[in-house]
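The structure file run_16.pdb is reproduced below (PDB, C-alpha atoms).
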ATOM      1  CA  MET A 297       0.000   0.000   0.000
ATOM      2  CA  LEU A 298       2.699   2.508   1.022
ATOM      3  CA  SER A 299       6.200   2.258  -0.394
ATOM      4  CA  ILE A 300       8.937   4.632   0.776
ATOM      5  CA  GLN A 301      12.202   4.277  -1.104
ATOM      6  CA  ASN A 302      15.421   5.930   0.102
ATOM      7  CA  ILE A 303      13.692   9.143   1.188
ATOM      8  CA  SER A 304      15.763  12.025   2.561
ATOM      9  CA  ARG A 305      14.880  15.561   3.629
ATOM     10  CA  GLN A 306      17.151  18.258   5.056
ATOM     11  CA  TYR A 307      15.730  21.603   6.104
ATOM     12  CA  PRO A 308      17.532  24.771   4.966
ATOM     13  CA  GLY A 309      20.006  26.092   7.507
ATOM     14  CA  THR A 310      20.478  22.747   9.271
ATOM     15  CA  SER A 311      23.634  20.635   9.338
ATOM     16  CA  THR A 312      22.046  17.182   9.229
ATOM     17  CA  PRO A 313      19.017  15.671   7.429
ATOM     18  CA  ALA A 314      15.766  15.398   9.370
ATOM     19  CA  VAL A 315      15.105  12.161   7.457
ATOM     20  CA  ARG A 316      18.035  10.261   6.025
ATOM     21  CA  ASN A 317      17.738   7.531   3.379
ATOM     22  CA  VAL A 318      14.628   5.878   4.881
ATOM     23  CA  SER A 319      12.989   2.923   3.140
ATOM     24  CA  LEU A 320       9.756   1.365   4.359
ATOM     25  CA  GLU A 321       6.956  -0.883   3.079
ATOM     26  CA  VAL A 322       3.513  -0.800   4.719
ATOM     27  CA  PRO A 323       0.960  -3.390   3.479
ATOM     28  CA  GLN A 324      -2.779  -2.862   3.125
ATOM     29  CA  GLY A 325      -4.652  -2.714   6.418
ATOM     30  CA  GLU A 326      -1.586  -2.451   8.648
ATOM     31  CA  ILE A 327      -1.293   0.096  11.435
ATOM     32  CA  LEU A 328       2.319   1.229  11.715
ATOM     33  CA  ALA A 329       3.453   3.315  14.690
ATOM     34  CA  LEU A 330       6.374   5.684  14.204
ATOM     35  CA  VAL A 331       7.911   6.409  17.582
ATOM     36  CA  GLY A 332      10.965   8.326  18.707
ATOM     37  CA  GLN A 333      12.198  11.265  20.715
ATOM     38  CA  SER A 334      11.515  14.844  19.628
ATOM     39  CA  GLY A 335      13.578  15.690  16.559
ATOM     40  CA  SER A 336      14.090  12.051  15.557
ATOM     41  CA  GLY A 337      12.474  12.540  12.126
ATOM     42  CA  LYS A 338       9.129  10.787  12.535
ATOM     43  CA  THR A 339       6.983  13.894  11.971
ATOM     44  CA  THR A 340       9.054  14.943   8.969
ATOM     45  CA  LEU A 341       8.480  11.516   7.414
ATOM     46  CA  MET A 342       4.736  11.905   7.972
ATOM     47  CA  ARG A 343       4.833  15.324   6.291
ATOM     48  CA  LEU A 344       6.714  13.835   3.342
ATOM     49  CA  ILE A 345       4.094  11.093   2.947
ATOM     50  CA  SER A 346       1.231  13.595   3.113
ATOM     51  CA  GLY A 347       2.851  16.009   0.658
ATOM     52  CA  LEU A 348       3.390  18.819   3.163
ATOM     53  CA  GLU A 349       7.150  18.466   2.529
ATOM     54  CA  ILE A 350       9.029  17.778  -0.691
ATOM     55  CA  PRO A 351      11.826  15.160  -0.494
ATOM     56  CA  ASP A 352      15.421  15.960  -1.464
ATOM     57  CA  SER A 353      15.893  12.404  -2.716
ATOM     58  CA  GLY A 354      13.970   9.146  -3.006
ATOM     59  CA  LYS A 355      10.399   8.348  -3.933
ATOM     60  CA  ILE A 356       7.017   7.585  -2.337
ATOM     61  CA  LEU A 357       4.216   5.444  -3.769
ATOM     62  CA  VAL A 358       0.672   5.214  -2.377
ATOM     63  CA  ASP A 359      -1.318   2.200  -3.583
ATOM     64  CA  GLY A 360       1.089   1.804  -6.493
ATOM     65  CA  THR A 361       0.807   5.437  -7.603
ATOM     66  CA  GLU A 362       3.941   7.560  -7.495
ATOM     67  CA  VAL A 363       3.215  10.693  -5.447
ATOM     68  CA  ALA A 364       6.798  11.906  -4.979
ATOM     69  CA  ASP A 365      10.029  11.249  -6.859
ATOM     70  CA  ALA A 366      12.888  13.676  -6.314
ATOM     71  CA  ALA A 367      14.889  12.306  -9.248
ATOM     72  CA  GLY A 368      11.977  12.447 -11.674
ATOM     73  CA  LYS A 369      10.693  15.750 -10.238
ATOM     74  CA  THR A 370       7.297  14.160  -9.522
ATOM     75  CA  TRP A 371       5.248  15.721  -6.745
ATOM     76  CA  VAL A 372       1.516  15.250  -6.234
ATOM     77  CA  ALA A 373      -0.280  17.896  -4.172
ATOM     78  CA  PRO A 374      -1.556  16.788  -0.722
ATOM     79  CA  HIS A 375      -5.256  17.008  -1.629
ATOM     80  CA  LYS A 376      -4.739  14.704  -4.614
ATOM     81  CA  ARG A 377      -2.898  11.916  -2.768
ATOM     82  CA  ARG A 378      -5.949  10.225  -1.217
ATOM     83  CA  VAL A 379      -4.221  10.473   2.151
ATOM     84  CA  GLY A 380      -6.225  11.442   5.252
ATOM     85  CA  LEU A 381      -4.716  13.517   8.039
ATOM     86  CA  VAL A 382      -5.599  13.687  11.738
ATOM     87  CA  PHE A 383      -3.691  16.288  13.755
ATOM     88  CA  GLN A 384      -3.231  16.398  17.511
ATOM     89  CA  ASP A 385      -5.567  19.390  17.884
ATOM     90  CA  GLY A 386      -8.143  17.937  15.468
ATOM     91  CA  ALA A 387      -8.026  21.040  13.207
ATOM     92  CA  LEU A 388     -11.829  21.038  13.029
ATOM     93  CA  PHE A 389     -13.849  23.860  11.484
ATOM     94  CA  PRO A 390     -15.431  25.661  14.459
ATOM     95  CA  HIS A 391     -18.177  27.310  12.341
ATOM     96  CA  LEU A 392     -19.404  23.996  10.896
ATOM     97  CA  THR A 393     -21.598  21.408  12.587
ATOM     98  CA  VAL A 394     -20.380  17.875  13.247
ATOM     99  CA  ALA A 395     -22.122  16.583  10.121
ATOM    100  CA  LYS A 396     -20.772  19.393   7.941
ATOM    101  CA  ASN A 397     -17.253  18.826   9.265
ATOM    102  CA  VAL A 398     -17.473  15.184   8.203
ATOM    103  CA  ALA A 399     -18.869  16.088   4.774
ATOM    104  CA  TYR A 400     -16.391  18.889   4.127
ATOM    105  CA  GLY A 401     -13.915  16.757   2.174
ATOM    106  CA  LEU A 402     -16.564  15.140  -0.017
ATOM    107  CA  SER A 403     -16.382  17.080  -3.267
ATOM    108  CA  ARG A 404     -19.613  17.619  -5.182
ATOM    109  CA  LYS A 405     -17.885  16.532  -8.384
ATOM    110  CA  GLU A 406     -16.757  13.153  -7.038
ATOM    111  CA  PHE A 407     -19.603  12.410  -4.623
ATOM    112  CA  PRO A 408     -23.258  13.058  -5.601
ATOM    113  CA  LYS A 409     -25.533  14.538  -2.934
ATOM    114  CA  GLU A 410     -27.125  11.247  -1.884
ATOM    115  CA  GLU A 411     -23.754   9.548  -1.609
ATOM    116  CA  ARG A 412     -22.372  12.443   0.465
ATOM    117  CA  GLN A 413     -25.314  12.128   2.836
ATOM    118  CA  ALA A 414     -24.924   8.348   3.093
ATOM    119  CA  ILE A 415     -21.172   8.543   3.736
ATOM    120  CA  THR A 416     -21.668  11.235   6.373
ATOM    121  CA  ALA A 417     -24.328   9.190   8.164
ATOM    122  CA  ASN A 418     -22.136   6.080   8.027
ATOM    123  CA  MET A 419     -19.099   7.912   9.425
ATOM    124  CA  LEU A 420     -21.146   9.414  12.260
ATOM    125  CA  GLU A 421     -22.544   6.007  13.165
ATOM    126  CA  MET A 422     -19.120   4.337  12.973
ATOM    127  CA  THR A 423     -17.618   6.924  15.325
ATOM    128  CA  GLY A 424     -20.618   7.049  17.677
ATOM    129  CA  LEU A 425     -21.439  10.678  16.839
ATOM    130  CA  GLN A 426     -24.823  10.192  15.157
ATOM    131  CA  ASP A 427     -26.623  11.948  18.027
ATOM    132  CA  TYR A 428     -24.328  14.988  17.792
ATOM    133  CA  ARG A 429     -24.605  15.723  14.070
ATOM    134  CA  ASP A 430     -26.042  19.227  14.604
ATOM    135  CA  ARG A 431     -23.648  20.262  17.361
ATOM    136  CA  PHE A 432     -20.538  22.391  16.858
ATOM    137  CA  PRO A 433     -17.003  21.272  17.793
ATOM    138  CA  HIS A 434     -16.892  23.471  20.918
ATOM    139  CA  GLN A 435     -19.935  21.572  22.224
ATOM    140  CA  LEU A 436     -18.070  18.241  22.140
ATOM    141  CA  SER A 437     -15.691  16.652  24.634
ATOM    142  CA  GLY A 438     -12.014  16.228  23.775
ATOM    143  CA  GLY A 439     -12.527  12.587  22.908
ATOM    144  CA  GLU A 440     -15.563  13.324  20.743
ATOM    145  CA  ARG A 441     -13.589  15.952  18.842
ATOM    146  CA  GLN A 442     -10.854  13.422  18.088
ATOM    147  CA  ARG A 443     -13.404  10.903  16.856
ATOM    148  CA  LEU A 444     -14.866  13.627  14.663
ATOM    149  CA  ALA A 445     -11.415  14.367  13.227
ATOM    150  CA  VAL A 446     -11.000  10.681  12.356
ATOM    151  CA  ALA A 447     -14.484  10.550  10.788
ATOM    152  CA  ARG A 448     -13.699  13.576   8.636
ATOM    153  CA  ALA A 449     -10.380  12.064   7.515
ATOM    154  CA  LEU A 450     -12.020   8.728   6.608
ATOM    155  CA  ALA A 451     -15.066  10.156   4.814
ATOM    156  CA  PRO A 452     -13.419  10.760   1.375
ATOM    157  CA  LYS A 453     -12.304   7.105   1.348
ATOM    158  CA  PRO A 454      -8.550   7.701   1.482
ATOM    159  CA  LYS A 455      -6.052   4.971   0.689
ATOM    160  CA  LEU A 456      -4.030   5.850   3.772
ATOM    161  CA  ILE A 457      -4.588   7.773   6.993
ATOM    162  CA  LEU A 458      -1.901   9.572   9.010
ATOM    163  CA  LEU A 459      -2.435  10.343  12.700
ATOM    164  CA  ASP A 460      -0.074  12.896  14.257
ATOM    165  CA  GLU A 461      -0.019  12.602  18.069
ATOM    166  CA  PRO A 462      -3.833  12.242  18.165
ATOM    167  CA  PHE A 463      -4.013  11.571  21.921
ATOM    168  CA  SER A 464      -1.479  14.058  23.271
ATOM    169  CA  ASN A 465      -4.057  16.676  24.311
ATOM    170  CA  LEU A 466      -6.229  14.201  26.232
ATOM    171  CA  ASP A 467      -6.027  13.571  29.961
ATOM    172  CA  PRO A 468      -4.733  10.094  30.959
ATOM    173  CA  ALA A 469      -8.119   8.582  31.879
ATOM    174  CA  LEU A 470      -9.777   9.717  28.652
ATOM    175  CA  ARG A 471      -6.722   8.858  26.581
ATOM    176  CA  LEU A 472      -7.089   5.109  27.130
ATOM    177  CA  SER A 473     -10.755   4.927  26.138
ATOM    178  CA  ILE A 474     -10.353   7.161  23.085
ATOM    179  CA  ARG A 475      -7.314   5.168  21.998
ATOM    180  CA  GLU A 476      -9.430   2.022  22.007
ATOM    181  CA  ASP A 477     -12.287   3.807  20.203
ATOM    182  CA  ILE A 478     -10.036   5.011  17.392
ATOM    183  CA  LEU A 479      -8.328   1.633  17.092
ATOM    184  CA  SER A 480     -11.753   0.000  16.654
ATOM    185  CA  ILE A 481     -12.679   2.574  13.995
ATOM    186  CA  LEU A 482      -9.471   1.957  12.063
ATOM    187  CA  ARG A 483      -9.950  -1.821  12.237
ATOM    188  CA  ALA A 484     -13.552  -1.541  11.064
ATOM    189  CA  SER A 485     -12.431   0.606   8.125
ATOM    190  CA  ASP A 486      -9.667  -1.844   7.142
ATOM    191  CA  ILE A 487      -7.536   1.155   6.230
ATOM    192  CA  THR A 488      -3.761   1.422   6.225
ATOM    193  CA  ALA A 489      -2.737   3.823   8.984
ATOM    194  CA  ILE A 490       0.414   5.437  10.302
ATOM    195  CA  LEU A 491       0.466   6.733  13.862
ATOM    196  CA  VAL A 492       3.161   9.263  14.760
ATOM    197  CA  THR A 493       3.760   9.434  18.501
ATOM    198  CA  HIS A 494       6.362   9.978  21.189
ATOM    199  CA  ASP A 495       4.230   7.964  23.614
ATOM    200  CA  THR A 496       5.458   4.371  23.641
ATOM    201  CA  ASP A 497       2.276   3.103  25.328
ATOM    202  CA  ASP A 498       0.251   4.384  22.362
ATOM    203  CA  ALA A 499       2.665   2.720  19.941
ATOM    204  CA  LEU A 500       2.509  -0.631  21.754
ATOM    205  CA  ALA A 501      -1.284  -0.550  22.077
ATOM    206  CA  ILE A 502      -2.120   0.426  18.500
ATOM    207  CA  GLY A 503       0.694  -0.604  16.180
ATOM    208  CA  ASP A 504       0.752  -3.898  14.281
ATOM    209  CA  ARG A 505       4.387  -2.947  13.824
ATOM    210  CA  ILE A 506       6.525  -0.231  15.355
ATOM    211  CA  ALA A 507       9.322   1.704  13.663
ATOM    212  CA  VAL A 508      11.732   3.313  16.123
ATOM    213  CA  PHE A 509      13.262   6.539  14.815
ATOM    214  CA  ARG A 510      16.594   8.022  15.803
ATOM    215  CA  GLU A 511      18.471  10.869  14.128
ATOM    216  CA  GLY A 512      16.457  10.647  10.937
ATOM    217  CA  GLN A 513      16.720   6.903  10.454
ATOM    218  CA  ILE A 514      14.824   3.771  11.454
ATOM    219  CA  GLU A 515      16.752   2.186  14.305
ATOM    220  CA  GLN A 516      14.540  -0.892  14.593
ATOM    221  CA  ILE A 517      11.252  -2.109  13.154
ATOM    222  CA  GLY A 518       9.170  -5.056  14.293
ATOM    223  CA  SER A 519       6.084  -6.220  16.159
ATOM    224  CA  PRO A 520       5.298  -4.654  19.548
ATOM    225  CA  TYR A 521       6.551  -7.836  21.230
ATOM    226  CA  GLU A 522       9.832  -7.784  19.315
ATOM    227  CA  ILE A 523      10.437  -4.096  19.965
ATOM    228  CA  TYR A 524       9.647  -4.337  23.671
ATOM    229  CA  HIS A 525      11.202  -7.689  24.585
ATOM    230  CA  HIS A 526      14.033  -7.838  22.048
ATOM    231  CA  PRO A 527      15.325  -4.284  21.616
ATOM    232  CA  GLN A 528      18.193  -3.971  19.187
ATOM    233  CA  ASN A 529      20.238  -1.618  21.350
ATOM    234  CA  GLY A 530      20.185   0.546  24.453
ATOM    235  CA  TYR A 531      18.363   3.417  22.752
ATOM    236  CA  CYS A 532      15.459   1.212  21.658
ATOM    237  CA  ALA A 533      15.419  -0.510  25.043
ATOM    238  CA  ARG A 534      15.316   2.620  27.215
ATOM    239  CA  LEU A 535      12.790   4.372  24.979
ATOM    240  CA  PHE A 536      10.174   1.817  26.073
ATOM    241  CA  GLY A 537      11.001   1.801  29.784
ATOM    242  CA  PRO A 538      13.472   0.292  32.254
ATOM    243  CA  ALA A 539      15.830  -2.327  30.856
ATOM    244  CA  ASN A 540      18.691  -4.296  32.378
ATOM    245  CA  CYS A 541      21.966  -4.663  30.519
ATOM    246  CA  LEU A 542      23.319  -8.204  30.312
ATOM    247  CA  HIS A 543      26.828  -8.807  28.901
ATOM    248  CA  GLN A 544      27.210 -12.130  27.103
ATOM    249  CA  ALA A 545      30.354 -14.279  27.059
ATOM    250  CA  ASP A 546      30.820 -13.506  23.349
ATOM    251  CA  GLY A 547      31.022  -9.784  24.079
ATOM    252  CA  LYS A 548      27.515  -8.984  22.894
ATOM    253  CA  THR A 549      25.113  -6.928  24.979
ATOM    254  CA  GLU A 550      21.515  -7.960  25.598
ATOM    255  CA  TRP A 551      18.817  -5.697  27.019
ATOM    256  CA  ILE A 552      16.304  -7.444  29.277
ATOM    257  CA  ARG A 553      13.074  -6.052  30.717
ATOM    258  CA  PRO A 554      12.848  -6.227  34.531
ATOM    259  CA  GLU A 555       9.751  -8.446  34.318
ATOM    260  CA  ASP A 556      11.727 -10.905  32.182
ATOM    261  CA  MET A 557      14.202 -11.499  35.023
ATOM    262  CA  GLN A 558      13.945 -13.329  38.324
ATOM    263  CA  LEU A 559      15.789 -13.687  41.612
ATOM    264  CA  LYS A 560      16.279 -16.824  43.698
ATOM    265  CA  PRO A 561      17.770 -17.224  47.176
ATOM    266  CA  GLU A 562      19.972 -20.148  46.124
ATOM    267  CA  LYS A 563      22.121 -20.800  43.099
ATOM    268  CA  THR A 564      20.462 -23.130  40.584
ATOM    269  CA  GLU A 565      21.175 -24.315  37.074
ATOM    270  CA  ASP A 566      19.098 -21.495  35.620
ATOM    271  CA  SER A 567      19.904 -18.828  38.242
ATOM    272  CA  ASP A 568      23.665 -18.470  38.398
ATOM    273  CA  ILE A 569      24.404 -14.719  38.353
ATOM    274  CA  ALA A 570      25.474 -13.547  41.805
ATOM    275  CA  VAL A 571      23.968 -10.193  42.863
ATOM    276  CA  LYS A 572      23.338  -8.292  46.078
ATOM    277  CA  VAL A 573      20.034  -6.622  46.954
ATOM    278  CA  CYS A 574      20.884  -2.932  47.461
ATOM    279  CA  GLU A 575      17.384  -1.506  47.769
ATOM    280  CA  ILE A 576      13.753  -2.602  47.767
ATOM    281  CA  ARG A 577      11.122  -0.143  46.560
ATOM    282  CA  ASP A 578       7.343  -0.258  46.815
ATOM    283  CA  THR A 579       6.033   1.280  43.577
ATOM    284  CA  GLY A 580       2.381   0.747  44.475
ATOM    285  CA  ARG A 581       1.902  -1.702  41.631
ATOM    286  CA  HIS A 582       4.617  -4.064  42.817
ATOM    287  CA  LEU A 583       7.831  -4.352  44.785
ATOM    288  CA  GLU A 584      11.074  -4.021  42.885
ATOM    289  CA  ALA A 585      14.572  -4.915  43.972
ATOM    290  CA  ARG A 586      17.618  -2.998  42.813
ATOM    291  CA  VAL A 587      20.465  -5.446  42.745
ATOM    292  CA  GLN A 588      24.185  -4.985  42.125
ATOM    293  CA  GLY A 589      26.625  -7.467  40.630
ATOM    294  CA  ASP A 590      29.525  -7.803  38.230
ATOM    295  CA  GLN A 591      27.163  -6.904  35.375
ATOM    296  CA  GLY A 592      26.079  -3.631  36.966
ATOM    297  CA  THR A 593      22.801  -2.568  38.556
ATOM    298  CA  TRP A 594      19.523  -4.261  37.652
ATOM    299  CA  ILE A 595      15.892  -3.731  38.553
ATOM    300  CA  VAL A 596      13.895  -6.910  39.161
ATOM    301  CA  PRO A 597      10.244  -7.133  40.345
ATOM    302  CA  ILE A 598       9.695  -9.260  43.455
ATOM    303  CA  THR A 599       6.855 -10.166  45.811
ATOM    304  CA  LYS A 600       6.549 -10.021  49.589
ATOM    305  CA  GLU A 601       6.403 -13.798  49.570
ATOM    306  CA  ASP A 602       9.956 -13.913  48.168
ATOM    307  CA  GLY A 603      11.156 -12.661  51.538
ATOM    308  CA  PHE A 604      14.180 -10.771  50.163
ATOM    309  CA  GLN A 605      15.779  -8.132  52.363
ATOM    310  CA  GLU A 606      18.201  -5.320  51.590
ATOM    311  CA  GLY A 607      21.730  -6.681  51.875
ATOM    312  CA  ASP A 608      20.799 -10.253  50.839
ATOM    313  CA  SER A 609      23.072 -12.109  48.444
ATOM    314  CA  VAL A 610      20.863 -13.742  45.819
ATOM    315  CA  TRP A 611      21.046 -15.228  42.325
ATOM    316  CA  GLY A 612      19.574 -13.734  39.191
ATOM    317  CA  SER A 613      18.629 -15.047  35.773
ATOM    318  CA  VAL A 614      16.598 -14.397  32.652
ATOM    319  CA  LYS A 615      13.237 -16.148  32.480
ATOM    320  CA  GLU A 616      12.526 -18.569  29.674
ATOM    321  CA  ASP A 617      11.036 -16.715  26.672
TER
END

Go ahead and express the file in the form of structure tokens.
Amino acid sequence: MLSIQNISRQYPGTSTPAVRNVSLEVPQGEILALVGQSGSGKTTLMRLISGLEIPDSGKILVDGTEVADAAGKTWVAPHKRRVGLVFQDGALFPHLTVAKNVAYGLSRKEFPKEERQAITANMLEMTGLQDYRDRFPHQLSGGERQRLAVARALAPKPKLILLDEPFSNLDPALRLSIREDILSILRASDITAILVTHDTDDALAIGDRIAVFREGQIEQIGSPYEIYHHPQNGYCARLFGPANCLHQADGKTEWIRPEDMQLKPEKTEDSDIAVKVCEIRDTGRHLEARVQGDQGTWIVPITKEDGFQEGDSVWGSVKED
């Protein structure tokens, strides 16, 4: 569905490219999450896909149609790419009702009146906004406004939808429910989607695959499980939360999540790394032990039943995958 081939973009007055020689294939119906720290290049890539930026090199194809080719000087305007956009603030039209916001992108030339009305009604029903069709955006909650933004982006039947930090302006409690709502809408539409986010929880919850960006390049790409449990390096590991560094006999370094490790009071065949419990913390969700050994400091979750005390000498290991 989406093919990105050796795309690069450097902004004037900067010393390094914002996006550097990125290649990516996204099949039909997949939800891909682009995640990375601020300035990593993920938003620039989204702007290149949408047509809001022109690449310095490389090409982009949407559903087999070339929409950008720096070498061939091809560039298709954003409104002709059949790509929907959802911004973090929704970018809704405040003077239009909910129904008119949804119908805004349905051109009279392409969609006859009856079809426009049917599509609008379908989008409102799909997003749960059918009872709010005559309200204005300021009369909706934050979550309802985001659902409206998605409905408006989906109405013209785009080939691809791009979501730029769609949950960042929502409070934590609302964020979770709206995230699930929008995921259900995207699944029901069977549309290819790209989510741009700095929030790793959003990426893990929504993405079929995750692409980790760093300094304008893709550092690692894989399923949520692969990215979280088998990070390629320390950057990818720490981006998604605490990770313990384990040095292998062959000199390689492995990054292990705290929950993938265990402690035992006695040395066993599968627990043979000697460590000392330096501190035990109650995080509210669980107890965690900070242990020190030849490999450095680790964090390992424990229970009260384990009976470990600060100062204990114990044995650590990695759980079976």

* Run the PyMOL selection byres ((chain A and resi 531) around 12) on the file and write out the hits as an NGL selection string. => :A and (332-333 or 508-511 or 514-516 or 523-524 or 527-530 or 532-539 or 541 or 551)

* Option closest in space to A:Val322, from A:Gly580, A:Thr488, A:Ile595, A:Gly612 [counting all atoms listed in the file] -> A:Thr488

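The smallest atom-to-atom distance between A:Leu357 and any of A:Lys409, A:Arg443, A:His375, A:Lys455, using all atoms listed in the file, is found for A:Lys455.
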
For A:Ser464, list every protein, DNA or RNA residue within 10 Å, evaluated using only C-alpha atoms, and leave out those in the same chain fewer than 3 positions away; present the list as a PDB file with C-alpha atoms, in the frame of the given file.
ATOM      1  CA  GLN A 384      -3.231  16.398  17.511  1.00  0.00           C
ATOM      2  CA  ASP A 385      -5.567  19.390  17.884  1.00  0.00           C
ATOM      3  CA  ASP A 460      -0.074  12.896  14.257  1.00  0.00           C
ATOM      4  CA  GLU A 461      -0.019  12.602  18.069  1.00  0.00           C
ATOM      5  CA  ASP A 467      -6.027  13.571  29.961  1.00  0.00           C
ATOM      6  CA  PRO A 468      -4.733  10.094  30.959  1.00  0.00           C
ATOM      7  CA  ARG A 471      -6.722   8.858  26.581  1.00  0.00           C
ATOM      8  CA  THR A 493       3.760   9.434  18.501  1.00  0.00           C
ATOM      9  CA  HIS A 494       6.362   9.978  21.189  1.00  0.00           C
ATOM     10  CA  ASP A 495       4.230   7.964  23.614  1.00  0.00           C
ATOM     11  CA  ASP A 498       0.251   4.384  22.362  1.00  0.00           C
TER      12      ASP A 498
END

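One distance worth recording is that between atom CA of A:Ser304 and atom CA of A:Leu330, which is 16.2 Å.
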
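You will find atom CA of A:Glu406 at 24.8 Å from atom CA of A:Phe383.
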
* What residues come out when you apply the PyMOL selection byres ((chain A and resi 608) around 10) to this file, written as a list in words? -> Pro561, Val571, Lys572, Val573, Cys574, Glu575, Val587, Gly603, Phe604, Gln605, Glu606, Gly607, Ser609, Val610 and Trp611 of chain A

* To do: Write out as a ChimeraX atom specification each polymer residue whose atoms come within 9 Å of A:Pro554, counting all atoms listed in the file; drop sequence neighbours fewer than 3 positions from it.
  => /A:538-540,557-558,584,594-597

* To do: Name the residues captured by the PyMOL selection byres ((chain A and resi 390) around 12) when it is applied to the shown file; answer as a PyMOL selection string.
  => chain A and resi 386-389+391-394+396-397+431-436+441

* With distances taken over all atoms listed in the file, which of A:Gly401, A:Gly337, A:Gly380, A:Gly347 is nearest to A:Asp365? -> A:Gly347

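Each of A:Ala314, A:Ile474, A:Val372, A:Ala501 was compared to A:Ser334 using only C-alpha atoms, and A:Ala314 turns out to be the nearest.
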
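Counting all atoms listed in the file and comparing A:Lys453, A:Arg305, A:His525, A:His543, the residue that lies closest to A:Arg377 is A:Lys453.
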
* Considering all atoms listed in the file, return as an NGL selection string whatever protein or nucleic-acid residues lie within 12 Å of A:Pro452, sequence-local ones (same chain, fewer than 3 positions apart) excluded. => :A and (375-381 or 397-404 or 406-407 or 411-412 or 414-416 or 418-419 or 446-449 or 455-457)

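Proximity of A:Asp497, A:Glu601, A:Asp477, A:Asp590 to A:Gln442, computed with only C-alpha atoms, is greatest for A:Asp477.
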
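A straight line drawn from atom CA of A:Gly309 to atom CA of A:Ile490 is 28.6 Å long.
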